[in-house]
$ cat work.csv   # CSV, C-alpha atoms
chain,number,residue,atom,x,y,z
W,23,MET,CA,-1.3,31.2,-55.4
W,24,THR,CA,-4.9,32.5,-55.4
W,25,ARG,CA,-6.0,35.7,-53.8
W,26,TRP,CA,-9.0,35.7,-51.5
W,27,ARG,CA,-10.4,38.5,-49.4
W,28,LEU,CA,-10.3,38.2,-45.6
W,29,VAL,CA,-13.0,39.9,-43.5
W,30,ASP,CA,-11.8,39.6,-40.0
W,31,ASP,CA,-14.6,40.6,-37.6
W,32,ILE,CA,-13.0,39.1,-34.5
W,33,GLY,CA,-11.2,42.2,-33.4
W,34,PRO,CA,-7.5,42.7,-32.6
W,35,VAL,CA,-7.9,41.0,-29.2
W,36,GLY,CA,-10.7,38.7,-30.1
W,37,ASP,CA,-13.4,40.5,-28.2
W,38,ALA,CA,-15.5,41.8,-31.0
W,39,GLY,CA,-19.0,40.5,-31.9
W,40,LEU,CA,-21.8,41.7,-34.1
W,41,ALA,CA,-25.6,41.5,-33.6
W,42,ALA,CA,-27.3,38.5,-35.3
W,43,ALA,CA,-29.1,40.5,-38.0
W,44,ALA,CA,-25.8,42.3,-38.9
W,45,ASN,CA,-23.9,39.0,-39.1
W,46,MET,CA,-26.4,37.4,-41.5
W,47,ALA,CA,-26.7,40.5,-43.6
W,48,ALA,CA,-22.9,40.6,-43.9
W,49,ASP,CA,-22.8,37.0,-45.0
W,50,ALA,CA,-25.6,37.5,-47.5
W,51,ALA,CA,-23.7,40.6,-48.8
W,52,LEU,CA,-20.5,38.6,-49.0
W,53,LEU,CA,-22.3,36.2,-51.4
W,54,ASP,CA,-23.6,39.1,-53.4
W,55,THR,CA,-20.1,40.5,-53.9
W,56,VAL,CA,-18.9,37.2,-55.3
W,57,VAL,CA,-22.0,36.9,-57.5
W,58,GLY,CA,-21.1,40.4,-58.7
W,59,GLY,CA,-17.6,39.2,-59.7
W,60,ALA,CA,-15.5,39.9,-56.6
W,61,SER,CA,-12.8,37.4,-55.5
W,62,PRO,CA,-13.7,34.7,-53.0
W,63,ALA,CA,-13.8,35.7,-49.4
W,64,LEU,CA,-13.3,34.2,-45.9
W,65,ARG,CA,-15.1,35.9,-43.0
W,66,LEU,CA,-14.6,35.2,-39.3
W,67,TYR,CA,-16.9,36.5,-36.7
W,68,ARG,CA,-18.7,36.2,-33.4
W,69,TRP,CA,-22.1,37.1,-32.0
W,70,THR,CA,-23.0,39.7,-29.3
W,71,PRO,CA,-25.5,39.1,-27.7
W,72,PRO,CA,-25.9,35.3,-28.1
W,73,ALA,CA,-28.2,34.4,-30.9
W,74,LEU,CA,-30.2,31.4,-32.2
W,75,SER,CA,-29.9,31.1,-35.9
W,76,LEU,CA,-32.6,29.1,-37.8
W,77,GLY,CA,-32.2,27.4,-41.2
W,78,ARG,CA,-33.6,29.2,-44.2
W,79,PHE,CA,-36.8,27.1,-44.2
W,80,GLN,CA,-36.9,25.9,-40.6
W,81,PRO,CA,-40.4,26.2,-39.1
W,82,ASP,CA,-41.0,29.2,-36.8
W,83,ASP,CA,-42.8,26.9,-34.4
W,84,ASP,CA,-39.4,25.3,-33.5
W,85,VAL,CA,-38.5,28.4,-31.5
W,86,ASP,CA,-39.5,28.9,-27.8
W,87,VAL,CA,-39.7,32.7,-28.1
W,88,ASP,CA,-40.3,33.2,-24.3
W,89,ALA,CA,-37.2,31.2,-23.5
W,90,CYS,CA,-35.1,33.2,-26.0
W,91,GLU,CA,-36.3,36.4,-24.3
W,92,ARG,CA,-35.6,35.0,-20.9
W,93,PHE,CA,-32.0,34.1,-21.8
W,94,GLY,CA,-31.4,37.3,-23.7
W,95,VAL,CA,-30.9,35.5,-27.0
W,96,ASP,CA,-31.6,37.1,-30.4
W,97,VAL,CA,-33.3,35.0,-33.1
W,98,VAL,CA,-32.3,35.3,-36.8
W,99,ARG,CA,-32.8,33.3,-39.9
W,100,ARG,CA,-29.8,32.2,-42.0
W,101,PRO,CA,-29.7,32.3,-45.7
W,102,THR,CA,-28.5,28.7,-45.6
W,103,GLY,CA,-30.3,25.5,-44.8
W,104,GLY,CA,-30.2,23.3,-41.7
W,105,GLN,CA,-31.4,23.5,-38.2
W,106,GLY,CA,-31.3,25.7,-35.2
W,107,LEU,CA,-27.9,26.7,-33.7
W,108,LEU,CA,-26.9,28.7,-30.7
W,109,HIS,CA,-24.2,31.3,-31.3
W,110,GLY,CA,-22.2,33.1,-28.7
W,111,PRO,CA,-20.0,30.3,-27.4
W,112,ASP,CA,-18.7,29.7,-30.9
W,113,LEU,CA,-16.6,31.2,-33.6
W,114,THR,CA,-18.2,31.4,-37.0
W,115,TYR,CA,-16.6,31.2,-40.4
W,116,ALA,CA,-18.2,32.1,-43.7
W,117,VAL,CA,-16.8,31.4,-47.2
W,118,ALA,CA,-18.3,32.9,-50.4
W,119,MET,CA,-16.8,31.7,-53.6
W,120,PRO,CA,-17.7,31.0,-57.3
W,121,LEU,CA,-18.8,27.4,-57.8
W,122,PRO,CA,-16.0,25.4,-59.4
W,123,ALA,CA,-17.0,23.9,-62.7
W,124,GLY,CA,-18.2,20.3,-63.1
W,125,ASN,CA,-18.2,17.8,-60.2
W,126,ALA,CA,-15.7,20.0,-58.3
W,127,GLY,CA,-18.7,22.3,-57.7
W,128,SER,CA,-20.9,19.6,-56.2
W,129,VAL,CA,-22.2,19.9,-52.7
W,130,ASP,CA,-19.9,17.2,-51.4
W,131,ALA,CA,-16.9,18.5,-53.3
W,132,VAL,CA,-17.2,22.0,-51.9
W,133,TYR,CA,-17.7,20.7,-48.4
W,134,GLU,CA,-14.6,18.5,-48.7
W,135,LEU,CA,-12.5,21.4,-50.1
W,136,LEU,CA,-13.4,23.7,-47.2
W,137,ALA,CA,-13.3,20.9,-44.6
W,138,GLY,CA,-9.7,20.3,-45.6
W,139,ALA,CA,-8.9,24.0,-44.8
W,140,LEU,CA,-10.8,23.9,-41.5
W,141,ILE,CA,-9.2,20.6,-40.4
W,142,SER,CA,-5.8,22.1,-41.2
W,143,GLY,CA,-6.7,25.2,-39.1
W,144,LEU,CA,-7.9,23.1,-36.2
W,145,ALA,CA,-4.8,20.9,-36.4
W,146,ARG,CA,-2.8,24.1,-35.6
W,147,LEU,CA,-4.7,24.2,-32.3
W,148,GLY,CA,-3.9,20.5,-31.6
W,149,VAL,CA,-7.4,19.4,-32.6
W,150,ASP,CA,-7.6,16.2,-34.7
W,151,ALA,CA,-10.8,16.7,-36.6
W,152,ALA,CA,-12.3,14.7,-39.4
W,153,ILE,CA,-15.2,14.9,-41.8
W,154,ALA,CA,-18.5,13.5,-40.4
W,155,ARG,CA,-19.8,11.1,-43.0
W,156,HIS,CA,-23.0,9.6,-41.6
W,157,ASP,CA,-26.5,11.1,-41.5
W,158,GLY,CA,-27.6,12.0,-38.0
W,159,PRO,CA,-31.1,12.2,-36.7
W,160,SER,CA,-33.5,14.9,-38.0
W,161,GLY,CA,-34.9,17.4,-35.6
W,162,PRO,CA,-34.8,21.1,-34.8
W,163,VAL,CA,-31.3,21.1,-33.1
W,164,CYS,CA,-28.4,21.4,-35.6
W,165,PHE,CA,-25.7,20.1,-33.2
W,166,ALA,CA,-27.6,17.0,-32.3
W,167,GLY,CA,-27.2,15.6,-35.7
W,168,GLN,CA,-24.2,14.9,-38.0
W,169,GLN,CA,-24.0,15.3,-41.8
W,170,GLY,CA,-21.2,15.0,-44.3
W,171,ALA,CA,-21.0,18.8,-44.0
W,172,ASP,CA,-19.8,18.6,-40.4
W,173,LEU,CA,-16.5,18.0,-38.6
W,174,ARG,CA,-16.1,15.7,-35.7
W,175,VAL,CA,-13.5,14.8,-33.1
W,176,GLY,CA,-13.9,11.1,-32.4
W,177,GLU,CA,-17.6,10.8,-32.8
W,178,ARG,CA,-18.5,14.2,-31.4
W,179,LYS,CA,-19.4,17.2,-33.5
W,180,VAL,CA,-17.1,20.2,-33.2
W,181,CYS,CA,-18.1,22.2,-36.3
W,182,GLY,CA,-21.5,22.3,-38.1
W,183,SER,CA,-21.8,23.9,-41.5
W,184,ALA,CA,-24.5,24.9,-44.0
W,185,GLN,CA,-24.5,26.0,-47.6
W,186,VAL,CA,-26.6,28.1,-50.0
W,187,ARG,CA,-26.0,28.2,-53.7
W,188,ARG,CA,-27.1,31.0,-55.9
W,189,ASP,CA,-26.2,32.4,-59.3
W,190,GLY,CA,-23.1,30.3,-59.8
W,191,ALA,CA,-21.7,31.0,-56.3
W,192,VAL,CA,-21.9,29.4,-52.9
W,193,LEU,CA,-22.0,30.7,-49.4
W,194,GLN,CA,-20.9,28.2,-46.8
W,195,HIS,CA,-20.8,29.1,-43.1
W,196,GLY,CA,-20.3,27.1,-40.0
W,197,SER,CA,-19.9,27.3,-36.3
W,198,ILE,CA,-16.9,26.0,-34.3
W,199,LEU,CA,-17.7,25.3,-30.6
W,200,LEU,CA,-15.2,27.1,-28.3
W,201,VAL,CA,-16.9,26.8,-24.9
W,202,ARG,CA,-20.3,26.1,-23.5
W,203,LEU,CA,-22.8,28.6,-22.1
W,204,PRO,CA,-25.0,27.7,-19.1
W,205,PHE,CA,-27.9,27.2,-21.5
W,206,ASP,CA,-28.1,25.6,-25.0
W,207,GLU,CA,-30.4,24.8,-27.9
W,208,THR,CA,-32.4,22.4,-25.8
W,209,ASP,CA,-33.6,25.5,-23.7
W,210,LEU,CA,-34.5,27.5,-26.8
W,211,LEU,CA,-36.0,25.1,-29.3
W,212,ARG,CA,-39.1,23.1,-28.9
W,213,PRO,CA,-39.5,19.5,-29.9
W,214,ARG,CA,-41.5,18.9,-33.1
W,215,PRO,CA,-44.8,17.2,-32.7
W,216,GLY,CA,-44.4,13.4,-32.6
W,217,SER,CA,-40.7,13.5,-32.0
W,218,TYR,CA,-38.7,12.9,-28.9
W,219,PRO,CA,-37.0,16.0,-27.5
W,220,VAL,CA,-33.2,16.1,-27.6
W,221,THR,CA,-32.0,16.3,-24.0
W,222,ARG,CA,-29.2,18.4,-22.7
W,223,ALA,CA,-27.2,15.3,-21.9
W,224,GLN,CA,-27.7,13.9,-25.5
W,225,LEU,CA,-26.6,17.2,-27.0
W,226,ARG,CA,-23.5,17.3,-24.8
W,227,ASP,CA,-22.6,13.8,-25.6
W,228,ALA,CA,-23.0,14.5,-29.4
W,229,THR,CA,-20.8,17.6,-29.3
W,230,VAL,CA,-17.4,18.7,-28.0
W,231,THR,CA,-15.9,22.2,-27.5
W,232,LEU,CA,-12.3,23.3,-28.0
W,233,GLU,CA,-12.2,23.9,-24.2
W,234,GLU,CA,-13.1,20.3,-23.5
W,235,LEU,CA,-10.4,19.2,-26.0
W,236,GLY,CA,-7.8,21.3,-24.1
W,237,ALA,CA,-7.3,23.5,-27.1
W,238,PRO,CA,-7.0,27.3,-27.1
W,239,THR,CA,-10.4,29.0,-26.9
W,240,ASP,CA,-9.2,32.6,-27.4
W,241,PRO,CA,-11.2,33.7,-30.5
W,242,ARG,CA,-8.2,35.6,-31.8
W,243,VAL,CA,-5.9,32.6,-31.6
W,244,VAL,CA,-8.5,30.3,-33.2
W,245,ALA,CA,-9.2,32.8,-36.0
W,246,ASP,CA,-5.5,33.1,-36.8
W,247,ALA,CA,-5.1,29.3,-36.9
W,248,LEU,CA,-8.1,29.1,-39.3
W,249,VAL,CA,-6.6,31.8,-41.6
W,250,GLU,CA,-3.3,29.9,-41.6
W,251,GLY,CA,-5.2,26.6,-42.4
W,252,PHE,CA,-7.0,28.1,-45.3
W,253,ALA,CA,-3.9,29.8,-46.7
W,254,ALA,CA,-1.8,26.6,-46.5
W,255,THR,CA,-4.4,24.1,-47.7
W,256,LEU,CA,-5.9,26.1,-50.5
W,257,ASP,CA,-2.7,27.9,-51.5
W,258,LEU,CA,-4.1,31.4,-50.8
W,259,THR,CA,-2.9,34.9,-50.0
W,260,PHE,CA,-5.4,37.1,-48.3
W,261,ASP,CA,-6.2,40.8,-48.8
W,262,LEU,CA,-7.7,42.2,-45.7
W,263,THR,CA,-11.0,43.9,-46.5
W,264,VAL,CA,-13.9,45.5,-44.6
W,265,THR,CA,-17.2,43.9,-43.6
W,266,PRO,CA,-19.5,44.0,-46.6
W,267,THR,CA,-22.3,46.6,-46.5
W,268,LEU,CA,-24.7,45.7,-43.8
W,269,ASP,CA,-28.0,45.7,-45.7
W,270,LEU,CA,-30.3,45.2,-42.7
W,271,GLN,CA,-33.4,45.9,-44.7
W,272,SER,CA,-32.6,43.0,-47.0
W,273,SER,CA,-31.9,40.7,-44.0
W,274,GLN,CA,-35.2,41.5,-42.5
W,275,ARG,CA,-36.9,40.8,-45.8
W,276,VAL,CA,-35.4,37.4,-45.8
W,277,ALA,CA,-36.5,36.9,-42.2
W,278,SER,CA,-40.1,37.8,-42.9
W,279,SER,CA,-40.6,36.1,-46.3
W,280,ASP,CA,-38.7,32.8,-46.2
W,281,ARG,CA,-40.3,31.1,-43.3
W,282,ARG,CA,-42.7,28.2,-43.4
W,283,GLY,CA,-45.0,26.6,-40.8
J,21,MET,CA,-28.0,6.6,-62.6
J,22,GLU,CA,-31.0,7.0,-64.8
J,23,PHE,CA,-31.2,9.2,-67.9
J,24,PRO,CA,-34.7,8.5,-69.4
J,25,GLU,CA,-34.6,8.7,-73.3
J,26,GLN,CA,-37.9,10.5,-73.7
J,27,LEU,CA,-36.9,13.6,-71.6
J,28,ARG,CA,-34.8,16.7,-72.4
J,29,TYR,CA,-32.3,18.1,-69.9
J,30,SER,CA,-30.7,21.4,-68.9
J,31,GLU,CA,-27.1,21.9,-68.0
J,32,GLU,CA,-28.4,23.0,-64.5
J,33,HIS,CA,-29.6,19.4,-64.0
J,34,GLU,CA,-33.4,19.8,-64.5
J,35,TRP,CA,-35.4,17.4,-66.7
J,36,VAL,CA,-38.3,18.4,-69.0
J,37,ALA,CA,-41.2,16.2,-70.2
J,38,VAL,CA,-43.0,17.9,-73.0
J,39,ASP,CA,-46.7,17.5,-73.6
J,40,GLY,CA,-47.8,19.9,-76.3
J,41,ALA,CA,-47.1,23.4,-75.0
J,42,ARG,CA,-46.7,22.2,-71.5
J,43,ALA,CA,-43.4,21.2,-69.9
J,44,ARG,CA,-43.3,19.1,-66.7
J,45,ILE,CA,-40.1,19.8,-64.8
J,46,GLY,CA,-38.1,18.2,-62.1
J,47,ILE,CA,-34.5,17.6,-61.1
J,48,THR,CA,-32.5,14.8,-62.4
J,49,ASP,CA,-31.4,11.6,-60.7
J,50,PHE,CA,-27.8,13.0,-60.7
J,51,ALA,CA,-29.0,16.2,-59.1
J,52,GLN,CA,-31.0,14.5,-56.3
J,53,ASP,CA,-28.1,12.2,-55.6
J,54,SER,CA,-25.7,15.1,-55.4
J,55,LEU,CA,-28.0,17.1,-53.1
J,56,GLY,CA,-28.6,14.3,-50.7
J,57,ASP,CA,-31.8,13.9,-48.7
J,58,VAL,CA,-34.3,16.5,-49.7
J,59,VAL,CA,-36.1,18.0,-46.7
J,60,TYR,CA,-38.0,20.9,-48.3
J,61,VAL,CA,-39.0,22.3,-51.7
J,62,GLU,CA,-40.0,25.9,-52.0
J,63,LEU,CA,-42.4,25.7,-54.9
J,64,PRO,CA,-43.0,28.5,-57.4
J,65,GLY,CA,-46.5,30.2,-57.3
J,66,VAL,CA,-49.1,29.1,-59.8
J,67,GLY,CA,-49.4,31.9,-62.3
J,68,ALA,CA,-45.8,33.1,-61.9
J,69,ASN,CA,-44.0,34.0,-65.1
J,70,VAL,CA,-40.6,32.5,-65.3
J,71,MET,CA,-37.6,33.0,-67.7
J,72,ALA,CA,-35.6,30.2,-69.1
J,73,HIS,CA,-32.5,29.4,-67.0
J,74,ALA,CA,-33.6,31.8,-64.2
J,75,GLY,CA,-34.2,30.5,-60.6
J,76,CYS,CA,-37.8,30.0,-59.8
J,77,ALA,CA,-37.9,27.6,-56.9
J,78,GLU,CA,-35.5,26.4,-54.1
J,79,ILE,CA,-34.7,23.0,-52.8
J,80,GLU,CA,-33.2,22.3,-49.4
J,81,SER,CA,-31.4,19.0,-48.6
J,82,THR,CA,-29.7,18.1,-45.4
J,83,LYS,CA,-26.5,19.6,-46.9
J,84,SER,CA,-27.5,22.7,-48.9
J,85,VAL,CA,-30.1,25.1,-50.2
J,86,SER,CA,-30.0,25.4,-54.0
J,87,GLU,CA,-32.0,27.1,-56.7
J,88,ILE,CA,-34.1,25.3,-59.2
J,89,PHE,CA,-34.0,26.8,-62.6
J,90,SER,CA,-36.8,26.7,-65.2
J,91,PRO,CA,-35.3,25.3,-68.4
J,92,VAL,CA,-38.0,27.1,-70.5
J,93,THR,CA,-39.8,30.5,-70.5
J,94,GLY,CA,-43.5,30.6,-69.6
J,95,THR,CA,-46.1,30.5,-66.9
J,96,VAL,CA,-46.3,28.1,-64.0
J,97,VAL,CA,-49.7,26.3,-64.3
J,98,GLU,CA,-49.2,23.5,-61.9
J,99,VAL,CA,-47.0,22.7,-58.9
J,100,ASN,CA,-46.5,19.4,-57.0
J,101,SER,CA,-48.0,20.3,-53.7
J,102,ALA,CA,-47.5,16.7,-52.5
J,103,LEU,CA,-43.9,17.6,-52.0
J,104,ASP,CA,-44.9,19.9,-49.1
J,105,ASP,CA,-45.6,16.7,-47.0
J,106,ALA,CA,-43.3,14.3,-48.8
J,107,PRO,CA,-40.2,16.2,-50.2
J,108,GLU,CA,-38.3,12.8,-50.1
J,109,GLN,CA,-40.2,11.9,-53.3
J,110,VAL,CA,-37.6,14.0,-55.1
J,111,ASN,CA,-35.0,11.4,-54.0
J,112,ALA,CA,-37.2,8.3,-54.3
J,113,ASP,CA,-38.7,9.0,-57.7
J,114,PRO,CA,-37.1,12.1,-59.3
J,115,TYR,CA,-38.6,11.5,-62.8
J,116,GLY,CA,-42.1,10.5,-61.5
J,117,ALA,CA,-43.7,11.5,-58.2
J,118,GLY,CA,-40.8,13.9,-57.5
J,119,TRP,CA,-41.8,16.2,-60.4
J,120,ILE,CA,-41.8,19.9,-59.2
J,121,PHE,CA,-43.8,22.2,-61.6
J,122,VAL,CA,-45.5,22.5,-65.0
J,123,ILE,CA,-44.8,25.4,-67.3
J,124,GLU,CA,-47.1,26.6,-70.1
J,125,MET,CA,-44.4,27.4,-72.6
J,126,ALA,CA,-44.2,30.8,-74.3
J,127,ASP,CA,-42.1,29.3,-77.1
J,128,PRO,CA,-42.1,25.5,-77.2
J,129,SER,CA,-39.2,25.6,-79.7
J,130,GLU,CA,-36.9,26.5,-76.7
J,131,VAL,CA,-37.0,22.8,-75.9
J,132,ASP,CA,-34.9,22.1,-79.0
J,133,ALA,CA,-32.0,23.9,-77.4
J,134,LEU,CA,-32.0,21.5,-74.4
J,135,LEU,CA,-29.9,18.4,-74.1
J,136,ASP,CA,-31.1,15.0,-75.1
J,137,ALA,CA,-30.4,12.0,-72.8
J,138,ALA,CA,-27.1,11.1,-74.5
J,139,ALA,CA,-25.8,14.6,-74.3
J,140,TYR,CA,-26.8,15.0,-70.7
J,141,ARG,CA,-25.3,11.7,-69.7
J,142,ALA,CA,-22.1,12.8,-71.4
J,143,LEU,CA,-22.2,16.1,-69.4
J,144,VAL,CA,-22.6,14.3,-66.1
J,145,GLU,CA,-20.0,11.7,-66.9
J,146,ALA,CA,-17.4,14.3,-68.0
J,147,GLY,CA,-17.6,15.7,-64.5
$ encode --input "work.csv" --output "structure tokens"
Amino acid sequence: MTRWRLVDDIGPVGDAGLAAAANMAADAALLDTVVGGASPALRLYRWTPPALSLGRFQPDDDVDVDACERFGVDVVRRPTGGQGLLHGPDLTYAVAMPLPAGNAGSVDAVYELLAGALISGLARLGVDAAIARHDGPSGPVCFAGQQGADLRVGERKVCGSAQVRRDGAVLQHGSILLVRLPFDETDLLRPRPGSYPVTRAQLRDATVTLEELGAPTDPRVVADALVEGFAATLDLTFDLTVTPTLDLQSSQRVASSDRRG
Amino acid sequence: MEFPEQLRYSEEHEWVAVDGARARIGITDFAQDSLGDVVYVELPGVGANVMAHAGCAEIESTKSVSEIFSPVTGTVVEVNSALDDAPEQVNADPYGAGWIFVIEMADPSEVDALLDAAAYRALVEAG
């Protein structure tokens, strides 16, 4: 039995949400604590107001800033890679842990390890998810593509994840679609020059929400199922702990220095 | 999986090609295969001083963002700017067109502490 820390930012009745910058600062701080020798941690959280998160090196030009303002959507840069993702209708998990030695620490092995826990959690909600194994199309919209890092139900993506590795530790976070908002990434991200835009219909076809699967969408219920899935699959006991120090200054530094384009 | 005999290797999966006091550095065939399709390389700045086994660049694949470590101490004197437009060269030709940066070594004897091809192959195959 291994002890992990649990940072539960969902709230007792599932109505809590943090601002985008605070969420990304907390995840970065979670990784810092593990690099500093703390035990692995699982964090569960939501976003208020809705936010578009960009991959670490995703071009600024992908964002339709006017549209984001119009829809009341914050924009934040993740410490992890990947493409643009709308948060608000989702529940987000983050895991920070030391990299296992040897091949067990490979990108694929860590994804598979955590996918097993996520799949077990989703199964408790009646959702039969599997690891997506094929490479999807490239473009600015995360949920329009599938990678080995993602989970699918049938052929439709239900959870997208991303990783960053630093100083012998890994931060992996990912987004589980609960419901849909009236707007989505196709309203907030612009197509790249020379590429076909992803349409709303294509994005909806490529993805599925827990609501559409007839599963519970109450964030508290989903969070509890994920905690049980992690505990059972990885043989963990959790120690509840507080959200890591919100170093907003550090988060803003990331946002201003790591962009390209 | 290729392990060219003339190169030296770090345990962090970088390769080093030594030419006098200069070391050309990239990531190994094993590393590129593990990362998957490389979509972006954040190159170090020319003139930057780097320490052996410290992170000095970053590489993003479709699955992960990872640090690239310099296997030796010294100054960055050249970077592979072609990767800005063609990061996939790291996958296609990791020991050739996918090279990442060149270090003017402060102490070329540091190379002696790196792995040779047989030792690196053993490390990878041991898992």
$ closest_residue --input "work.csv" --among "J:Val59, J:Ala51, J:Ala68, J:Ala133" --to "Pro91 in chain J" --atoms "all atoms listed in the file"
J:Ala133
$ interface_residues --input "work.csv" --of "chain W" --to "chain J" --cutoff "10 Å" --atoms "all atoms listed in the file" --output "PyMOL selection string"
chain W and resi 77-80+101-105+123-131+133+157-158+160+168-172+183-190+192-194+280+282
$ closest_residue --input "work.csv" --among "J:Ala43, J:Leu63, J:Ala142, J:Cys76" --to "Phe89 in chain J" --atoms "only C-alpha atoms"
J:Cys76
$ residues_near_point --input "work.csv" --point "(-34.2, 13.3, -52.0)" --cutoff "7 Å" --atoms "all atoms listed in the file" --output "ChimeraX atom specification"
/J:52,56-58,107-112
$ atom_distance --input "work.csv" --atom1 "CA of Val85 in chain W" --atom2 "CA of Asp54 in chain W"
28.6 Å
$ residues_around --input "work.csv" --residues "range 24-41 of chain J" --least-positions-apart "4" --cutoff "10 Å" --atoms "all atoms listed in the file" --output "PyMOL selection string"
chain J and resi 45-52+73+87-92+94+114-115+119-129+131-141+143-144
$ atom_distance --input "work.csv" --atom1 "CA of Asp30 in chain W" --atom2 "CA of Asp150 in chain W"
24.4 Å
$ closest_residue --input "work.csv" --among "W:Leu113, W:Met119, W:Gly143, W:Asp246" --to "Val56 in chain W" --atoms "all atoms listed in the file"
W:Met119
$ atom_distance --input "work.csv" --atom1 "CA of Leu66 in chain W" --atom2 "CA of Val149 in chain W"
18.6 Å
$ closest_residue --input "work.csv" --among "W:Asp37, W:Asp112, W:Asp82, W:Asp227" --to "Leu203 in chain W" --atoms "all atoms listed in the file"
W:Asp112
$ closest_residue --input "work.csv" --among "W:Leu53, W:Val87, W:Ala139, W:His109" --to "Thr70 in chain W" --atoms "all atoms listed in the file"
W:His109
$ residues_near_point --input "work.csv" --point "(-44.0, 32.3, -62.0)" --cutoff "9 Å" --atoms "all atoms listed in the file" --output "PyMOL selection string"
chain J and resi 64-71+76+94-97+123
$ write_last_selection --input "work.csv" --atoms "C-alpha atoms" --output "PDB file, keeping the file's coordinate frame"
ATOM      1  CA  PRO J  64     -43.000  28.500 -57.400  1.00  0.00           C
ATOM      2  CA  GLY J  65     -46.500  30.200 -57.300  1.00  0.00           C
ATOM      3  CA  VAL J  66     -49.100  29.100 -59.800  1.00  0.00           C
ATOM      4  CA  GLY J  67     -49.400  31.900 -62.300  1.00  0.00           C
ATOM      5  CA  ALA J  68     -45.800  33.100 -61.900  1.00  0.00           C
ATOM      6  CA  ASN J  69     -44.000  34.000 -65.100  1.00  0.00           C
ATOM      7  CA  VAL J  70     -40.600  32.500 -65.300  1.00  0.00           C
ATOM      8  CA  MET J  71     -37.600  33.000 -67.700  1.00  0.00           C
ATOM      9  CA  CYS J  76     -37.800  30.000 -59.800  1.00  0.00           C
ATOM     10  CA  GLY J  94     -43.500  30.600 -69.600  1.00  0.00           C
ATOM     11  CA  THR J  95     -46.100  30.500 -66.900  1.00  0.00           C
ATOM     12  CA  VAL J  96     -46.300  28.100 -64.000  1.00  0.00           C
ATOM     13  CA  VAL J  97     -49.700  26.300 -64.300  1.00  0.00           C
ATOM     14  CA  ILE J 123     -44.800  25.400 -67.300  1.00  0.00           C
TER      15      ILE J 123
END
$ decode --input "work.csv" --residues "range 25-50 of chain J" --atoms "C-alpha atoms" --output "PDB file, in the first residue's frame"
ATOM      1  CA  GLU J  25      29.615   3.102 -32.292  1.00  0.00           C
ATOM      2  CA  GLN J  26      31.412   6.434 -32.719  1.00  0.00           C
ATOM      3  CA  LEU J  27      29.102   8.330 -30.321  1.00  0.00           C
ATOM      4  CA  ARG J  28      29.026   8.627 -26.534  1.00  0.00           C
ATOM      5  CA  TYR J  29      25.776   8.582 -24.572  1.00  0.00           C
ATOM      6  CA  SER J  30      24.241   9.947 -21.378  1.00  0.00           C
ATOM      7  CA  GLU J  31      21.947   8.035 -19.070  1.00  0.00           C
ATOM      8  CA  GLU J  32      19.349  10.712 -19.867  1.00  0.00           C
ATOM      9  CA  HIS J  33      19.322   9.466 -23.501  1.00  0.00           C
ATOM     10  CA  GLU J  34      21.345  12.153 -25.243  1.00  0.00           C
ATOM     11  CA  TRP J  35      24.143  11.374 -27.689  1.00  0.00           C
ATOM     12  CA  VAL J  36      27.416  13.291 -28.056  1.00  0.00           C
ATOM     13  CA  ALA J  37      29.626  13.497 -31.157  1.00  0.00           C
ATOM     14  CA  VAL J  38      33.019  14.916 -30.181  1.00  0.00           C
ATOM     15  CA  ASP J  39      35.086  17.044 -32.564  1.00  0.00           C
ATOM     16  CA  GLY J  40      38.058  18.505 -30.674  1.00  0.00           C
ATOM     17  CA  ALA J  41      36.645  20.651 -27.876  1.00  0.00           C
ATOM     18  CA  ARG J  42      33.217  20.735 -29.478  1.00  0.00           C
ATOM     19  CA  ALA J  43      30.378  18.348 -28.708  1.00  0.00           C
ATOM     20  CA  ARG J  44      27.394  17.997 -31.027  1.00  0.00           C
ATOM     21  CA  ILE J  45      24.382  16.783 -29.060  1.00  0.00           C
ATOM     22  CA  GLY J  46      21.013  15.263 -29.835  1.00  0.00           C
ATOM     23  CA  ILE J  47      18.604  12.711 -28.421  1.00  0.00           C
ATOM     24  CA  THR J  48      18.987   9.017 -29.122  1.00  0.00           C
ATOM     25  CA  ASP J  49      16.931   6.780 -31.371  1.00  0.00           C
ATOM     26  CA  PHE J  50      15.492   5.195 -28.213  1.00  0.00           C
TER      27      PHE J  50
END
